[in-house]
Each structure stands twice: as C-alpha cells, then as structure tokens.
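*Asks:* Have a look at this one.
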Amino acid sequence: GDDSQLAAAWRSIGEYYADRQKWNQAVNYYQQGHNDTGLADALYMQEDYQGLEKLVDALPENHPKLPEIGEMFELVGLCDAAVGAYLKANCVKEAIDCCVKLNSWHQAVELAKSHKFKDIDELLSRYAQSLLRDNKRLDAVELYRKANNHIAAAQLLFDIAKEEISRKAKPLRIKKIFVLAALLVENHLCAVRNTARYNQRQSSAMSGAPRLTETSAALQGLLDEDFQTVAMGDHQIDHKLVDNAWRGAEALHFYILAQRQFYTGSMESAMKTALALTDYEDVLAPEDIYSLIALTAASNKSFGVSSKAFTKLENLESIPAEQREKFESLALEIFGKQKAQDTGRSREVECYECGSLLNDYLGQCPSCGAQFPRCVVTGKPIYEHQFWMCANCKHRAHEHEIARVSNCPLCHNTV
C-alpha cells in the first residue's frame, strides 16, 4: 500500500544521507521509515547515546539489533546502558563480560548471582583480586563474606590486624578486627556442621542406614574438613587459622583489660591479667608484653614477678641495644631499693589436676603443667570446675563476675 511505499522511500532517503555521513538527516528519515537497524547505526555515529537508550527501550525483547547496540555502549564505556541492551536480548554472559571489562565488578557479581551464572566462583575470585590490587581489602572482605567464603574473608582480616599491630594502631580497633575475623571463622564452622548434618540425612535416607546423632554428624564434618584447604585467590590457607581463630582477639582483649585495670588502680588484677599475655608472643610484641608485666607487678609490689619481666626485656634481641640499656638502668634503680621478692598480697590455690599448691596468678600448674582458662571479665585464672561459658566464642568467666555484665566482654554476644 501507500504507507509501505512511503516507508521504503523514507528508508532509501535515510540510506542516501548515511552514505554521505550526514547522520542528523539520516536519523530523521530512518525514524520516519521505521528502520531500527539503520537508526541505531546513525545514532551511534552521531554519538547520540541518549537517543540509543530510548531506542533500546522501544525495541522488543530479543530484537537482533540489541546485542550490537550493547557492543556500541560497551565500546564507549557506558556500562549500565550496555547491560540493559544485553539483558533485553537475553545475553547474560555478554552483560557480565561487559561489566568485567569495564571494571564494574560489583554489578557483574550481582548479575551473576541474580541469573544463577554457573561460573560465579571464578568471577568472585577475579573481582577479589581486582580489589586487592587496588588495596581495597575491606571491600574484598565484604565480597567474600557475601559470597559465604568466610575463611577467605577472615584471612584478609587477620592480615589487616597484624599490619595494624606493626604500625601501633589503637588496640581497641585491632581487637575489633580480630573479633570480626574470628566470628567469620565461626560462621565457616557452623556451615561445615550444617552441611555434615544435611549430607548425613541424605545418605541415610538413600541407604536406609541408621542416622548418626547430630554431634557425630557435626564431628564427622569437622574431621573431613581437616583434610582440606580453602583456596583464596592464587594461594591456599590451612586450618591452623581455624584452630587459632580467637588468639588475636584474646591477646588484645587481655592487653586492653590489663591497662584499664591499671589506670583504675586495680594493680593486683592488672598484674594477673598482664601475665596472661605471656602466651601471646606470636601476636603482640614481647617488648609490649613484658613492659606491661614489669609495670603492673612493680605497682602491685610483686617485685619478684617484675624482676623476671625486666630480665626478659634486657635479653630481648628484637629491640635496640640502647633500649635494652634503658631497661637495665631502670631495673637497677628499682631493685637497688627493693628486693626482687613479692611483697604484695597473694594467696595459694590448689591445682584441680594434681592437688599441688600454686600462686593464684599462675595460668599453668608448675607441677603437672595443667592449663587454667582465663576469666574474660577479670583476666584471672579460673581454678574452679564450675564456670560460665559464652555460647558464641566459647570463652569462660567466673559465674559471679559474668552476672555483672550483659554481654560477653570478648565477642560482645548477649549473655
């Protein structure tokens, strides 16, 4: 009919102007002739990207020109517009690849998750490496956490915390980082236990074998996990990280607690808490540990303990000779006036393993080597069989002490 002939005429005129690179006129005639393919090319050559976006909105889904328009947007770096065109053409992989090429990693991951993209693990790994190259480690932690790769997230946080220690950052900040890392490890272990229970139920249902108890299933899952390693980027981490997840948090917790007790005048408590730090030389600098012990012990008139701490400081090879000489001079000044004996208050308690007597500030029995857990409220060793245990971090406290607080002092879980 006349309309089709007129449209064909408009298209021919549009092509005439397109051949002569007069894109403005070509756009006008392509629109009148309903030539979407030619219109897209003319709008692109005219750099009218808003017009291209309107054309994408007007085109029906799976139109053959949509992937090509997506490429046009991709070439000029318009990621959102390119993704819109690709998705309307049902080209999910091309949309994700576009995001990767244009470094829109977050959008790529969200697309992969929402469309159940099968290679999402590889995509996450590449995204994480991109963030790490840009030194956006906390963003990488959040990425791993959202992807339920708790171990990889925890490893990054442990690395950050160690760097914060070396640069003498605020102890409370470092403790928070360690606690977050440890909680991520706990999330990992919880997932392992849940997977073990599920697999056991499925296996029992298929084989007709008797079901394991929940405890047995969880234990089996953890034993299986011991023989595995978890990939993070291009290297692997073993399960020492899992076994020692709370060490960093414990060290910083007792380090902060000892100083708080010292500044509030609780010298005996401060010394007992500081002595706990001797187990954490792999986390804290030995100089910081034994300086705190020497200070709190001397203030508590436990000069025997203080003398041993000064001896450690004088023999530390990790500190400069000039600093060691200062410690020697200070020790001479103190012990020139005081005997290296404990004159402060102390009492003896009975070891529940071998029955021998020991000073009530010792965390280990000198006779049998039994280890005593520390109260997270006071820092004192727990010599009784009855105590409170946190359901979240599994740390302990004297029952009468935990009654005074509403949250676990270490992990801040509700009591």
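Following the order of the structure tokens, first chain is A, next is B, and so on, with residues numbered from 1 inside each chain and ligands from 1 in the order they appear.
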Give me the residues of segment 229-298 of chain A that have any atom at most 12 Å from an atom of segment 157-178 of chain A; for each, the nearest atom pair and the distance in Å, rounded to one decimal. Use only C-alpha atoms, sort by chain and number, and format it as a Markdown table.

*Replies:*
```
| residue | atom | partner | partner_atom | distance |
| --- | --- | --- | --- | --- |
| A:Leu241 | CA | A:Phe158 | CA | 9.0 |
| A:Val242 | CA | A:Phe158 | CA | 11.4 |
| A:Asn244 | CA | A:Phe158 | CA | 11.0 |
| A:Ala245 | CA | A:Phe178 | CA | 8.3 |
| A:Trp246 | CA | A:Phe178 | CA | 7.4 |
| A:Arg247 | CA | A:Phe178 | CA | 8.4 |
| A:Gly248 | CA | A:Phe178 | CA | 5.7 |
| A:Ala249 | CA | A:Phe178 | CA | 5.0 |
| A:Glu250 | CA | A:Lys175 | CA | 8.2 |
| A:Ala251 | CA | A:Lys175 | CA | 8.3 |
| A:Leu252 | CA | A:Lys175 | CA | 5.3 |
| A:His253 | CA | A:Lys175 | CA | 6.6 |
| A:Phe254 | CA | A:Lys175 | CA | 10.0 |
| A:Tyr255 | CA | A:Pro171 | CA | 8.1 |
| A:Ile256 | CA | A:Pro171 | CA | 6.9 |
| A:Leu257 | CA | A:Leu172 | CA | 10.3 |
| A:Gln259 | CA | A:Pro171 | CA | 10.7 |
| A:Arg260 | CA | A:Leu172 | CA | 11.7 |
| A:Asp282 | CA | A:Lys162 | CA | 10.3 |
| A:Val283 | CA | A:Lys162 | CA | 7.7 |
| A:Leu284 | CA | A:Ile165 | CA | 7.4 |
| A:Ala285 | CA | A:Ile165 | CA | 8.5 |
| A:Asp288 | CA | A:Lys168 | CA | 10.7 |
```

*Asks:* Selected residues, N, CA and C atoms, written as a PDB file, in the first residue's frame, please.

*Replies:*
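Produced file result38.pdb, reproduced below:
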```pdb
ATOM      1  N   LEU A 241      44.557 -21.581  60.879  1.00  0.00           N
ATOM      2  CA  LEU A 241      43.763 -20.360  61.034  1.00  0.00           C
ATOM      3  C   LEU A 241      42.466 -20.665  61.782  1.00  0.00           C
ATOM      4  N   VAL A 242      41.844 -21.797  61.457  1.00  0.00           N
ATOM      5  CA  VAL A 242      40.596 -22.185  62.110  1.00  0.00           C
ATOM      6  C   VAL A 242      40.847 -22.534  63.570  1.00  0.00           C
ATOM      7  N   ASN A 244      43.186 -21.551  65.583  1.00  0.00           N
ATOM      8  CA  ASN A 244      43.634 -20.429  66.418  1.00  0.00           C
ATOM      9  C   ASN A 244      42.854 -19.149  66.143  1.00  0.00           C
ATOM     10  N   ALA A 245      41.598 -19.302  65.764  1.00  0.00           N
ATOM     11  CA  ALA A 245      40.814 -18.148  65.317  1.00  0.00           C
ATOM     12  C   ALA A 245      40.721 -17.039  66.364  1.00  0.00           C
ATOM     13  N   TRP A 246      40.657 -17.402  67.643  1.00  0.00           N
ATOM     14  CA  TRP A 246      40.415 -16.401  68.689  1.00  0.00           C
ATOM     15  C   TRP A 246      41.686 -15.890  69.360  1.00  0.00           C
ATOM     16  N   ARG A 247      42.858 -16.391  68.973  1.00  0.00           N
ATOM     17  CA  ARG A 247      44.083 -15.994  69.671  1.00  0.00           C
ATOM     18  C   ARG A 247      44.324 -14.480  69.606  1.00  0.00           C
ATOM     19  N   GLY A 248      44.163 -13.913  68.438  1.00  0.00           N
ATOM     20  CA  GLY A 248      44.396 -12.474  68.301  1.00  0.00           C
ATOM     21  C   GLY A 248      43.434 -11.665  69.147  1.00  0.00           C
ATOM     22  N   ALA A 249      42.167 -12.051  69.125  1.00  0.00           N
ATOM     23  CA  ALA A 249      41.157 -11.335  69.919  1.00  0.00           C
ATOM     24  C   ALA A 249      41.445 -11.477  71.411  1.00  0.00           C
ATOM     25  N   GLU A 250      41.842 -12.680  71.834  1.00  0.00           N
ATOM     26  CA  GLU A 250      42.182 -12.903  73.245  1.00  0.00           C
ATOM     27  C   GLU A 250      43.344 -12.001  73.663  1.00  0.00           C
ATOM     28  N   ALA A 251      44.391 -11.987  72.858  1.00  0.00           N
ATOM     29  CA  ALA A 251      45.586 -11.204  73.196  1.00  0.00           C
ATOM     30  C   ALA A 251      45.250  -9.735  73.375  1.00  0.00           C
ATOM     31  N   LEU A 252      44.521  -9.172  72.410  1.00  0.00           N
ATOM     32  CA  LEU A 252      44.182  -7.747  72.501  1.00  0.00           C
ATOM     33  C   LEU A 252      43.193  -7.480  73.618  1.00  0.00           C
ATOM     34  N   HIS A 253      42.308  -8.436  73.879  1.00  0.00           N
ATOM     35  CA  HIS A 253      41.343  -8.262  74.964  1.00  0.00           C
ATOM     36  C   HIS A 253      42.047  -8.141  76.312  1.00  0.00           C
ATOM     37  N   PHE A 254      42.958  -9.074  76.593  1.00  0.00           N
ATOM     38  CA  PHE A 254      43.657  -9.041  77.879  1.00  0.00           C
ATOM     39  C   PHE A 254      44.638  -7.868  77.947  1.00  0.00           C
ATOM     40  N   TYR A 255      45.200  -7.493  76.830  1.00  0.00           N
ATOM     41  CA  TYR A 255      46.122  -6.343  76.788  1.00  0.00           C
ATOM     42  C   TYR A 255      45.384  -5.058  77.156  1.00  0.00           C
ATOM     43  N   ILE A 256      44.197  -4.877  76.597  1.00  0.00           N
ATOM     44  CA  ILE A 256      43.381  -3.692  76.903  1.00  0.00           C
ATOM     45  C   ILE A 256      42.867  -3.755  78.338  1.00  0.00           C
ATOM     46  N   LEU A 257      42.407  -4.945  78.755  1.00  0.00           N
ATOM     47  CA  LEU A 257      41.853  -5.106  80.101  1.00  0.00           C
ATOM     48  C   LEU A 257      42.898  -4.802  81.167  1.00  0.00           C
ATOM     49  N   GLN A 259      45.443  -2.819  81.024  1.00  0.00           N
ATOM     50  CA  GLN A 259      45.685  -1.373  81.108  1.00  0.00           C
ATOM     51  C   GLN A 259      44.523  -0.639  81.766  1.00  0.00           C
ATOM     52  N   ARG A 260      43.313  -1.071  81.491  1.00  0.00           N
ATOM     53  CA  ARG A 260      42.147  -0.460  82.149  1.00  0.00           C
ATOM     54  C   ARG A 260      42.210  -0.681  83.659  1.00  0.00           C
ATOM     55  N   ASP A 282      53.275 -14.529  69.922  1.00  0.00           N
ATOM     56  CA  ASP A 282      53.134 -14.624  68.473  1.00  0.00           C
ATOM     57  C   ASP A 282      52.175 -13.569  67.919  1.00  0.00           C
ATOM     58  N   VAL A 283      51.471 -12.889  68.835  1.00  0.00           N
ATOM     59  CA  VAL A 283      50.506 -11.858  68.415  1.00  0.00           C
ATOM     60  C   VAL A 283      51.018 -10.462  68.756  1.00  0.00           C
ATOM     61  N   LEU A 284      51.404 -10.273  70.009  1.00  0.00           N
ATOM     62  CA  LEU A 284      51.867  -8.970  70.483  1.00  0.00           C
ATOM     63  C   LEU A 284      53.396  -8.932  70.540  1.00  0.00           C
ATOM     64  N   ALA A 285      53.937  -7.744  70.481  1.00  0.00           N
ATOM     65  CA  ALA A 285      55.390  -7.581  70.588  1.00  0.00           C
ATOM     66  C   ALA A 285      55.830  -7.941  72.015  1.00  0.00           C
ATOM     67  N   ASP A 288      56.173  -5.083  74.426  1.00  0.00           N
ATOM     68  CA  ASP A 288      54.940  -4.546  74.999  1.00  0.00           C
ATOM     69  C   ASP A 288      54.427  -5.427  76.132  1.00  0.00           C
TER      70      ASP A 288
END
```

*Asks:* Which residues come within 10 Å of segment 325-329 of chain A, counting only C-alpha atoms, excluding same-chain residues fewer than 4 positions away, as a list in words?

*Replies:*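 So, after excluding close chain neighbours, the residues are Ser291, Phe310, Thr311, Lys312, Leu313, Glu314, Asn315, Pro320, Ala321, Glu333 and Ile334 of chain A.
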
*Asks:* Could you write out that same residue set with N, CA, C and O atoms as an mmCIF file, in the first residue's frame?

*Replies:*
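File written: part-v1.cif
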```cif
data_model
loop_
_atom_site.group_PDB
_atom_site.id
_atom_site.type_symbol
_atom_site.label_atom_id
_atom_site.label_comp_id
_atom_site.auth_asym_id
_atom_site.auth_seq_id
_atom_site.Cartn_x
_atom_site.Cartn_y
_atom_site.Cartn_z
ATOM 1 N N SER A 291 56.926 -5.235 79.250
ATOM 2 C CA SER A 291 56.896 -3.884 79.828
ATOM 3 C C SER A 291 55.655 -3.719 80.696
ATOM 4 O O SER A 291 55.715 -3.158 81.807
ATOM 5 N N PHE A 310 61.705 -7.745 83.800
ATOM 6 C CA PHE A 310 62.843 -6.900 83.401
ATOM 7 C C PHE A 310 63.967 -7.733 82.789
ATOM 8 O O PHE A 310 64.623 -7.304 81.829
ATOM 9 N N THR A 311 64.191 -8.929 83.355
ATOM 10 C CA THR A 311 65.227 -9.817 82.804
ATOM 11 C C THR A 311 64.901 -10.181 81.356
ATOM 12 O O THR A 311 65.780 -10.213 80.490
ATOM 13 N N LYS A 312 63.627 -10.454 81.106
ATOM 14 C CA LYS A 312 63.189 -10.749 79.728
ATOM 15 C C LYS A 312 63.465 -9.556 78.811
ATOM 16 O O LYS A 312 63.966 -9.720 77.696
ATOM 17 N N LEU A 313 63.115 -8.365 79.281
ATOM 18 C CA LEU A 313 63.297 -7.162 78.468
ATOM 19 C C LEU A 313 64.773 -6.916 78.160
ATOM 20 O O LEU A 313 65.132 -6.516 77.048
ATOM 21 N N GLU A 314 65.629 -7.146 79.158
ATOM 22 C CA GLU A 314 67.069 -6.904 78.965
ATOM 23 C C GLU A 314 67.702 -7.883 77.984
ATOM 24 O O GLU A 314 68.764 -7.608 77.422
ATOM 25 N N ASN A 315 67.023 -9.015 77.757
ATOM 26 C CA ASN A 315 67.589 -10.038 76.870
ATOM 27 C C ASN A 315 66.870 -10.145 75.523
ATOM 28 O O ASN A 315 67.148 -11.069 74.748
ATOM 29 N N PRO A 320 66.472 -2.484 70.121
ATOM 30 C CA PRO A 320 67.831 -1.929 70.006
ATOM 31 C C PRO A 320 68.603 -2.011 71.328
ATOM 32 O O PRO A 320 68.012 -2.016 72.413
ATOM 33 N N ALA A 321 69.909 -2.060 71.227
ATOM 34 C CA ALA A 321 70.775 -2.143 72.416
ATOM 35 C C ALA A 321 70.558 -0.941 73.322
ATOM 36 O O ALA A 321 70.581 -1.053 74.555
ATOM 37 N N GLU A 333 67.665 0.888 89.213
ATOM 38 C CA GLU A 333 67.076 1.925 90.070
ATOM 39 C C GLU A 333 66.010 1.335 90.982
ATOM 40 O O GLU A 333 65.945 1.672 92.184
ATOM 41 N N ILE A 334 65.175 0.447 90.441
ATOM 42 C CA ILE A 334 64.083 -0.133 91.234
ATOM 43 C C ILE A 334 64.626 -1.144 92.233
ATOM 44 O O ILE A 334 64.336 -1.073 93.439
#
```

*Asks:* So which one's closest to Thr296 of chain A, A:Ala154, A:Ala274, A:Leu330, A:Cys99? Using only C-alpha atoms, please.

*Replies:*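 Distance minimum relative to Thr296 of chain A lands on A:Ala274.
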
*Asks:* Calculated over only C-alpha atoms, which of the candidates A:Lys380, A:His398, A:Lys65, A:Lys54 has the smallest distance to Ala270 of chain A?

*Replies:*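 Ranking A:Lys380, A:His398, A:Lys65, A:Lys54 by distance to Ala270 of chain A, first place goes to A:Lys380.
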
*Asks:* Find the residues around Leu156 of chain A up to 10 Å (only C-alpha atoms counted), leave out those fewer than 5 positions away in its own chain, and share them as a list in words.

*Replies:*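 Those residues are Leu132, Arg137, Leu138, Ala140, Val141, Tyr144, Ile151, Ala161, Ala181 and Met232 of chain A.
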
*Asks:* Extract, using only C-alpha atoms, all DNA, RNA and protein residues at most 10 Å from segment 44-52 of chain A, discarding same-chain residues fewer than 3 positions from it, and format them as a PyMOL selection string.

*Replies:* chain A and resi 18+21-24+26-27+38-41+55-58+69-70+72-73+76+78+81+85

*Asks:* One number please: atom CA of Arg197 of chain A to atom CA of Leu184 of chain A, in Å, one decimal.

*Replies:*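 It comes out at 20.1 Å.
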
*Asks:* Report, in Å with one decimal, the straight-line distance from atom CA of Cys79 of chain A to atom CA of Ser104 of chain A.

*Replies:*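 Those two atoms sit 7.6 Å apart.
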